[in-house]
$ cat start_27.txt   # compact mmCIF, C-alpha atoms and all ligand atoms
# COMPACT_ATOMS: atom_id res chain seq x y z
CA MET A 1 0.00 0.00 0.00
CA SER A 2 2.90 2.36 0.59
CA ALA A 3 5.34 4.23 -1.59
CA PRO A 4 9.00 3.45 -0.89
CA GLY A 5 10.77 5.71 1.61
CA ALA A 6 12.37 9.03 0.76
CA HIS A 7 15.63 10.41 2.09
CA LEU A 8 15.26 13.19 4.69
CA GLN A 9 18.07 15.68 5.19
CA ALA A 10 17.88 18.56 7.69
CA ASP A 11 20.88 20.87 7.93
CA GLY A 12 21.71 23.45 10.59
CA LEU A 13 18.14 24.01 11.82
CA SER A 14 17.67 26.80 14.34
CA TRP A 15 14.68 28.53 15.86
CA GLN A 16 14.24 31.06 18.62
CA ALA A 17 11.39 32.66 20.54
CA ALA A 18 12.08 36.17 21.87
CA ALA A 19 15.73 35.91 22.93
CA ALA A 20 15.60 32.19 23.77
CA HIS A 21 17.27 29.67 21.49
CA ILE A 22 14.79 26.78 21.30
CA VAL A 23 16.62 24.77 18.61
CA ARG A 24 20.30 25.42 17.92
CA ASP A 25 22.02 24.34 14.74
CA VAL A 26 20.63 20.80 14.56
CA SER A 27 21.41 18.59 11.57
CA LEU A 28 19.91 15.15 11.12
CA HIS A 29 19.06 12.73 8.38
CA ALA A 30 17.05 9.60 7.78
CA ALA A 31 18.06 7.31 4.92
CA GLN A 32 15.46 5.69 2.70
CA GLY A 33 13.45 3.23 4.80
CA GLU A 34 15.24 4.09 8.04
CA PHE A 35 13.34 4.43 11.34
CA VAL A 36 14.98 7.28 13.27
CA GLY A 37 14.03 8.30 16.82
CA LEU A 38 14.32 11.79 18.30
CA LEU A 39 14.74 11.74 22.08
CA GLY A 40 15.05 14.38 24.77
CA PRO A 41 13.40 15.60 27.95
CA ASN A 42 10.28 17.78 28.12
CA GLY A 43 10.97 21.14 26.54
CA SER A 44 14.20 20.06 24.83
CA GLY A 45 12.92 21.14 21.40
CA LYS A 46 11.70 17.90 19.78
CA SER A 47 8.31 19.21 18.61
CA THR A 48 9.82 22.51 17.47
CA LEU A 49 12.39 20.63 15.41
CA LEU A 50 9.74 18.33 13.93
CA ARG A 51 7.51 21.33 13.10
CA MET A 52 10.38 22.80 11.07
CA VAL A 53 10.82 19.45 9.30
CA TYR A 54 7.14 19.14 8.43
CA ARG A 55 6.95 22.71 7.23
CA VAL A 56 4.67 24.48 9.67
CA LEU A 57 7.47 26.45 11.28
CA ARG A 58 9.88 28.31 9.07
CA PRO A 59 13.42 27.82 10.38
CA ALA A 60 15.39 30.89 11.48
CA GLY A 61 18.37 29.09 9.99
CA GLY A 62 19.05 25.91 8.05
CA ARG A 63 17.03 23.90 5.57
CA VAL A 64 15.11 20.67 5.12
CA ARG A 65 15.14 18.50 2.03
CA VAL A 66 12.96 15.48 1.30
CA ALA A 67 14.11 13.33 -1.61
CA GLY A 68 16.50 16.19 -2.45
CA ARG A 69 13.75 18.84 -2.66
CA ASP A 70 13.71 21.86 -0.30
CA VAL A 71 10.39 21.69 1.57
CA TRP A 72 9.95 25.48 1.53
CA GLN A 73 10.43 25.60 -2.21
CA ALA A 74 7.82 22.89 -2.64
CA GLY A 75 4.19 23.93 -2.15
CA ALA A 76 2.03 22.70 0.73
CA ARG A 77 0.30 20.15 -1.51
CA GLU A 78 3.56 18.74 -2.86
CA SER A 79 4.87 18.51 0.71
CA ALA A 80 1.71 16.69 1.83
CA ARG A 81 2.35 14.08 -0.84
CA ALA A 82 5.98 13.78 0.28
CA MET A 83 5.37 13.47 4.02
CA ALA A 84 2.59 12.42 6.37
CA VAL A 85 2.50 13.80 9.88
CA LEU A 86 1.11 12.55 13.15
CA ALA A 87 1.33 15.70 15.28
CA GLN A 88 0.42 16.24 18.91
CA GLU A 89 -3.18 17.48 19.19
CA GLY A 90 -3.57 16.82 15.48
CA GLY A 91 -7.37 16.50 15.40
CA GLY A 92 -7.94 19.91 13.80
CA ALA A 93 -10.66 22.44 14.52
CA PHE A 94 -13.61 20.57 12.98
CA ASP A 95 -15.24 17.47 14.36
CA LEU A 96 -15.62 14.75 11.73
CA CYS A 97 -16.63 11.12 11.81
CA VAL A 98 -13.69 8.73 11.81
CA ARG A 99 -14.21 7.66 8.17
CA ASP A 100 -14.05 11.28 6.96
CA MET A 101 -11.11 12.00 9.24
CA VAL A 102 -9.10 9.18 7.65
CA LEU A 103 -10.26 10.12 4.15
CA MET A 104 -8.76 13.59 4.74
CA GLY A 105 -5.44 11.80 4.31
CA ARG A 106 -6.36 11.34 0.64
CA THR A 107 -6.79 15.09 -0.02
CA PRO A 108 -3.27 15.72 -1.37
CA HIS A 109 -3.93 13.08 -4.04
CA GLN A 110 -7.31 14.45 -5.15
CA SER A 111 -8.22 17.30 -7.46
CA PRO A 112 -10.07 20.19 -5.79
CA PHE A 113 -13.72 19.33 -5.03
CA ALA A 114 -13.30 15.75 -6.31
CA ARG A 115 -15.33 13.06 -4.57
CA ASP A 116 -13.59 10.17 -2.87
CA SER A 117 -12.87 7.45 -5.43
CA ASP A 118 -13.26 3.70 -4.82
CA GLU A 119 -9.46 3.63 -4.55
CA ASP A 120 -9.54 6.33 -1.83
CA LEU A 121 -12.17 4.35 0.10
CA ARG A 122 -10.13 1.14 -0.24
CA ILE A 123 -6.94 2.84 1.00
CA ALA A 124 -8.78 4.43 3.94
CA ALA A 125 -10.37 1.07 4.88
CA GLU A 126 -6.95 -0.60 4.79
CA ALA A 127 -5.45 2.13 7.01
CA LEU A 128 -8.31 1.69 9.50
CA GLU A 129 -7.71 -2.08 9.59
CA ARG A 130 -3.98 -1.68 10.12
CA THR A 131 -4.49 0.63 13.10
CA ASP A 132 -7.26 -1.45 14.71
CA THR A 133 -9.81 1.35 14.27
CA ALA A 134 -12.19 -0.13 11.64
CA HIS A 135 -14.88 -0.61 14.30
CA LEU A 136 -14.89 3.15 14.97
CA VAL A 137 -15.73 4.43 11.45
CA GLU A 138 -19.18 5.79 12.31
CA ARG A 139 -18.04 7.53 15.52
CA MET A 140 -17.37 11.25 15.79
CA PHE A 141 -13.67 11.89 16.38
CA SER A 142 -14.35 14.08 19.44
CA THR A 143 -16.06 11.19 21.25
CA LEU A 144 -13.07 8.83 21.04
CA SER A 145 -10.68 8.00 23.87
CA GLY A 146 -7.15 9.44 23.76
CA GLY A 147 -5.67 6.17 22.47
CA GLU A 148 -8.42 5.72 19.88
CA LYS A 149 -7.85 9.27 18.61
CA GLN A 150 -4.14 8.61 18.32
CA ARG A 151 -4.72 5.44 16.26
CA VAL A 152 -7.22 7.22 13.98
CA LEU A 153 -4.67 10.01 13.38
CA MET A 154 -2.14 7.31 12.51
CA ALA A 155 -4.68 5.81 10.07
CA ARG A 156 -5.07 9.25 8.46
CA ALA A 157 -1.29 9.53 8.11
CA LEU A 158 -1.12 6.05 6.53
CA ALA A 159 -3.93 6.87 4.10
CA GLN A 160 -1.78 9.73 2.84
CA GLN A 161 0.63 7.13 1.39
CA ALA A 162 3.63 9.42 1.66
CA PRO A 163 7.17 8.04 1.58
CA LEU A 164 8.19 9.95 4.73
CA LEU A 165 6.41 9.67 8.09
CA ILE A 166 6.90 12.29 10.81
CA LEU A 167 5.51 11.19 14.18
CA ASP A 168 5.37 13.36 17.30
CA GLU A 169 5.05 11.04 20.29
CA PRO A 170 2.99 8.49 18.37
CA THR A 171 2.57 6.15 21.34
CA ASN A 172 1.06 8.89 23.53
CA HIS A 173 -2.12 7.58 25.20
CA LEU A 174 -1.64 4.03 23.84
CA ASP A 175 -1.83 0.95 26.06
CA VAL A 176 1.14 -1.38 25.94
CA ARG A 177 -0.34 -3.69 23.26
CA HIS A 178 -1.16 -0.77 20.97
CA GLN A 179 2.27 0.80 21.62
CA PHE A 180 3.98 -2.32 20.30
CA ALA A 181 1.44 -2.69 17.48
CA LEU A 182 2.10 0.87 16.30
CA MET A 183 5.88 0.59 16.48
CA GLN A 184 5.78 -2.79 14.68
CA LEU A 185 3.49 -1.34 12.03
CA VAL A 186 5.91 1.54 11.43
CA ARG A 187 8.79 -0.91 11.11
CA ARG A 188 6.93 -3.16 8.69
CA LEU A 189 5.82 -0.28 6.47
CA GLY A 190 9.47 0.29 5.58
CA LEU A 191 8.90 4.02 5.07
CA THR A 192 11.45 6.60 6.12
CA THR A 193 10.31 7.61 9.61
CA LEU A 194 11.36 10.33 12.06
CA ALA A 195 9.60 9.98 15.42
CA ALA A 196 9.87 11.96 18.66
CA LEU A 197 9.64 9.41 21.45
CA HIS A 198 9.55 9.54 25.23
CA ASP A 199 9.74 5.81 25.83
CA LEU A 200 13.45 4.99 25.67
CA GLN A 201 12.76 1.24 25.71
CA LEU A 202 10.52 1.40 22.66
CA ALA A 203 13.14 3.56 20.94
CA ALA A 204 15.86 1.02 21.81
CA HIS A 205 13.82 -1.85 20.46
CA TYR A 206 12.47 -0.42 17.21
CA CYS A 207 14.64 2.44 15.96
CA ASP A 208 17.62 2.01 13.64
CA ARG A 209 19.26 5.21 14.87
CA LEU A 210 18.60 7.83 17.52
CA TYR A 211 19.27 11.54 18.07
CA LEU A 212 19.29 12.89 21.63
CA LEU A 213 18.43 16.55 22.25
CA GLN A 214 19.10 18.65 25.32
CA ASP A 215 18.21 22.36 25.52
CA GLY A 216 17.67 22.48 21.78
CA ALA A 217 21.06 21.02 20.83
CA LEU A 218 22.14 17.52 19.88
CA VAL A 219 24.18 15.78 22.55
CA ALA A 220 24.37 12.28 21.05
CA GLN A 221 23.52 10.39 17.90
CA GLY A 222 24.03 6.84 16.69
CA THR A 223 22.64 3.36 17.21
CA PRO A 224 20.44 2.72 20.26
CA ALA A 225 23.44 1.10 22.01
CA GLN A 226 25.57 4.20 21.36
CA VAL A 227 22.95 6.71 22.48
CA LEU A 228 21.12 4.94 25.30
CA THR A 229 24.01 4.67 27.73
CA ALA A 230 23.70 5.13 31.50
CA LYS A 231 25.93 8.21 31.14
CA HIS A 232 23.69 9.91 28.57
CA ILE A 233 20.50 9.06 30.48
CA ALA A 234 21.95 10.50 33.69
CA ARG A 235 23.28 13.62 31.97
CA VAL A 236 20.19 14.45 29.91
CA TYR A 237 17.28 13.12 31.98
CA GLY A 238 18.91 13.29 35.42
CA VAL A 239 17.90 9.71 36.21
CA ARG A 240 20.32 6.94 37.16
CA ALA A 241 19.88 3.81 35.03
CA SER A 242 21.48 0.49 34.39
CA VAL A 243 21.67 -0.47 30.69
CA THR A 244 22.36 -4.06 29.65
CA PRO A 245 22.01 -5.89 26.33
CA SER A 246 18.84 -7.98 26.03
CA ALA A 247 19.41 -11.75 26.15
CA HIS A 248 16.76 -12.05 23.41
CA SER A 249 17.64 -9.30 20.96
CA GLY A 250 20.99 -7.86 22.09
CA LYS A 251 19.34 -4.42 22.14
CA PRO A 252 19.72 -2.17 25.20
CA VAL A 253 17.43 -2.86 28.14
CA ILE A 254 17.06 0.07 30.52
CA GLU A 255 16.41 -0.39 34.20
CA TYR A 256 15.77 2.93 35.92
CA LEU A 257 17.23 3.40 39.40
CA PRO A 258 15.48 6.59 40.51
CA ASP A 259 16.14 6.18 44.24
CA ASP A 260 18.75 8.95 44.10
CA LEU A 261 16.59 11.30 41.97
CA ARG A 262 17.16 14.84 43.10
N1 LIG B 1 6.12 29.87 20.35
C1 LIG B 1 6.87 29.72 21.44
N2 LIG B 1 7.16 30.77 22.24
C2 LIG B 1 7.93 30.61 23.33
N3 LIG B 1 8.47 29.44 23.70
C3 LIG B 1 8.22 28.37 22.94
C4 LIG B 1 7.41 28.44 21.76
N4 LIG B 1 7.34 27.19 21.23
C5 LIG B 1 8.06 26.39 22.03
N5 LIG B 1 8.58 27.10 23.06
C6 LIG B 1 9.42 26.55 24.13
O1 LIG B 1 10.46 25.84 23.51
C7 LIG B 1 10.83 24.74 24.31
C8 LIG B 1 10.79 23.47 23.46
O2 LIG B 1 9.45 23.13 23.20
P1 LIG B 1 9.09 21.81 22.41
O3 LIG B 1 7.59 21.71 22.38
O4 LIG B 1 9.80 21.81 21.11
O5 LIG B 1 9.71 20.70 23.36
P2 LIG B 1 9.56 19.12 23.36
O6 LIG B 1 10.93 18.54 23.44
O7 LIG B 1 8.69 18.68 22.22
O8 LIG B 1 8.81 18.90 24.76
P3 LIG B 1 7.78 17.78 25.29
O9 LIG B 1 8.56 16.51 25.46
O10 LIG B 1 7.36 18.35 26.62
O11 LIG B 1 6.65 17.67 24.30
C9 LIG B 1 9.86 24.72 25.49
O12 LIG B 1 10.49 25.29 26.61
C10 LIG B 1 8.72 25.57 25.02
O13 LIG B 1 8.05 26.17 26.10

$ encode --input "start_27.txt" --output "structure tokens"
Amino acid sequence: MSAPGAHLQADGLSWQAAAAHIVRDVSLHAAQGEFVGLLGPNGSGKSTLLRMVYRVLRPAGGRVRVAGRDVWQAGARESARAMAVLAQEGGGAFDLCVRDMVLMGRTPHQSPFARDSDEDLRIAAEALERTDTAHLVERMFSTLSGGEKQRVLMARALAQQAPLLILDEPTNHLDVRHQFALMQLVRRLGLTTLAALHDLQLAAHYCDRLYLLQDGALVAQGTPAQVLTAKHIARVYGVRASVTPSAHSGKPVIEYLPDDLR
């Protein structure tokens, strides 16, 4: 159902509010089909950085290219075909039923005022199935639980069939089964994905590479084993942790030891 992934390249991104530097000279990339995680504490600049990548916030410095094309030179419609976004509080101002909400993901592929085609309906139905939300199609979006809303927004992003996925805390509100289901789905899609994540264990298990932000600047990047060290977790999050390789997967397993949290 999906287009192959597209290369994402962000160079020297900066943004400031009043005199405060919110994001400082951050460069990152995601190769075709790579699942890249963006980590950092509350307020470290993850959403601001993502908003520059998905073209709602114009960078004060730097640029973003998707498949080699500068996102600010491309129009909004071209960008919507190139990348699908699951943003925080992404429900929009209007209340729609779930079917129409997911069909909105088809808009960048339709001519103005065109009706939904059979193909659009088929793609939306498939996205609903893949996110375990098909039973909700008749419901109004505003009446859903937090986790249901999140999965419907993911379905809308999938229906967009873009080669790049940008996800801002996609597992927010999800129970543990749906957290794993979403991360597995993202992996299996094979799209290029950049996701801001709070759950370090999920990031360790599913991401190919990670970037770690602190106060708007990158402090580490690399494989999960390179980034998720006890030293980095203590320095950036201020929590003591023990990190060991999993006996099952070899990936880092994090045990938090917050007894000395100050
Ligand atoms: N328009 C703005 N004006 C002033 N400050 C802002 C603005 N937008 C963001 N900030 C500040 O920039 C910092 C980074 O915010 P951002 O939402 O990018 O962080 P985050 O890493 O996504 O945090 P969280 O994990 O809590 O979602 C925060 O301190 C926030 O209050």

$ residues_near_ligand --input "start_27.txt" --ligand "ligand LIG 1 (chain B)" --cutoff "7 Å" --atoms "all atoms listed in the file" --output "PyMOL selection string"
chain A and resi 17+22+40-49

$ closest_residue --input "start_27.txt" --among "A:Ser242, A:Thr171, A:Ser27, A:Gln9" --to "Gln88 (chain A)" --atoms "only C-alpha atoms"
A:Thr171

$ closest_residue --input "start_27.txt" --among "A:Asp168, A:Glu138, A:Asp199, A:Asp208" --to "Cys97 (chain A)" --atoms "all atoms listed in the file"
A:Glu138

$ closest_residue --input "start_27.txt" --among "A:Leu191, A:Leu13, A:Val26, A:Val85" --to "Gln214 (chain A)" --atoms "all atoms listed in the file"
A:Val26

$ atom_distance --input "start_27.txt" --atom1 "CA of Leu86 (chain A)" --atom2 "CA of Pro170 (chain A)"
6.9 Å

$ closest_residue --input "start_27.txt" --among "A:Arg65, A:Arg81, A:Arg122, A:His198" --to "Pro108 (chain A)" --atoms "all atoms listed in the file"
A:Arg81

$ axis_aligned_box --input "start_27.txt" --around "region 162-176 of chain A" --padding-each-side "4 Å" --output "AutoDock Vina command-line options"
--center_x 3.0 --center_y 6.0 --center_z 13.8 --size_x 18.3 --size_y 22.7 --size_z 32.5

$ closest_residue --input "start_27.txt" --among "A:Val137, A:Asp70, A:Leu228, A:Gly12" --to "Arg24 (chain A)" --atoms "only C-alpha atoms"
A:Gly12

$ atom_distance --input "start_27.txt" --atom1 "CA of Thr107 (chain A)" --atom2 "CA of Asp11 (chain A)"
29.4 Å
